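Here is the structure we will look at, set down as structure tokens.
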Amino acid sequence: MSEGTQQEFKGYDTSIVYDYKEHPGVVSGRCDNCGNAQFESSVKNYIFLRKCCNCSMMKSI
């Protein structure tokens, strides 16, 4: 990684799944941890999970 492309993270733990009711989005459509707008989405057992493609922070919506 070059010096000019360092990412700045907010310090969220990416190993746990955050609940949207307890941790609503800071900026709509953006990751709370890195600010990225690209997500991978999945649905299992009627639970919608959103995972950031950049930092892997997951949130159940």
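Residue numbering restarts at 1 in every chain; chains get A, B, ... in the order shown in the structure tokens, and ligands count up from 1 in that same order.
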field: Residue contacts of range 18-27 of chain A (12 Å, only C-alpha atoms) excluding same-chain residues fewer than 2 positions away, as number ranges by chain
entry: A: 10, 12-16, 29-37, 47-51, 56-61
- request: Can you check which residues of chain A DSSP gives as strand (DSSP E) on the backbone and send them as an MDAnalysis selection string?
  value: chainID A and resid 17:19 39:44 47:52 58:60
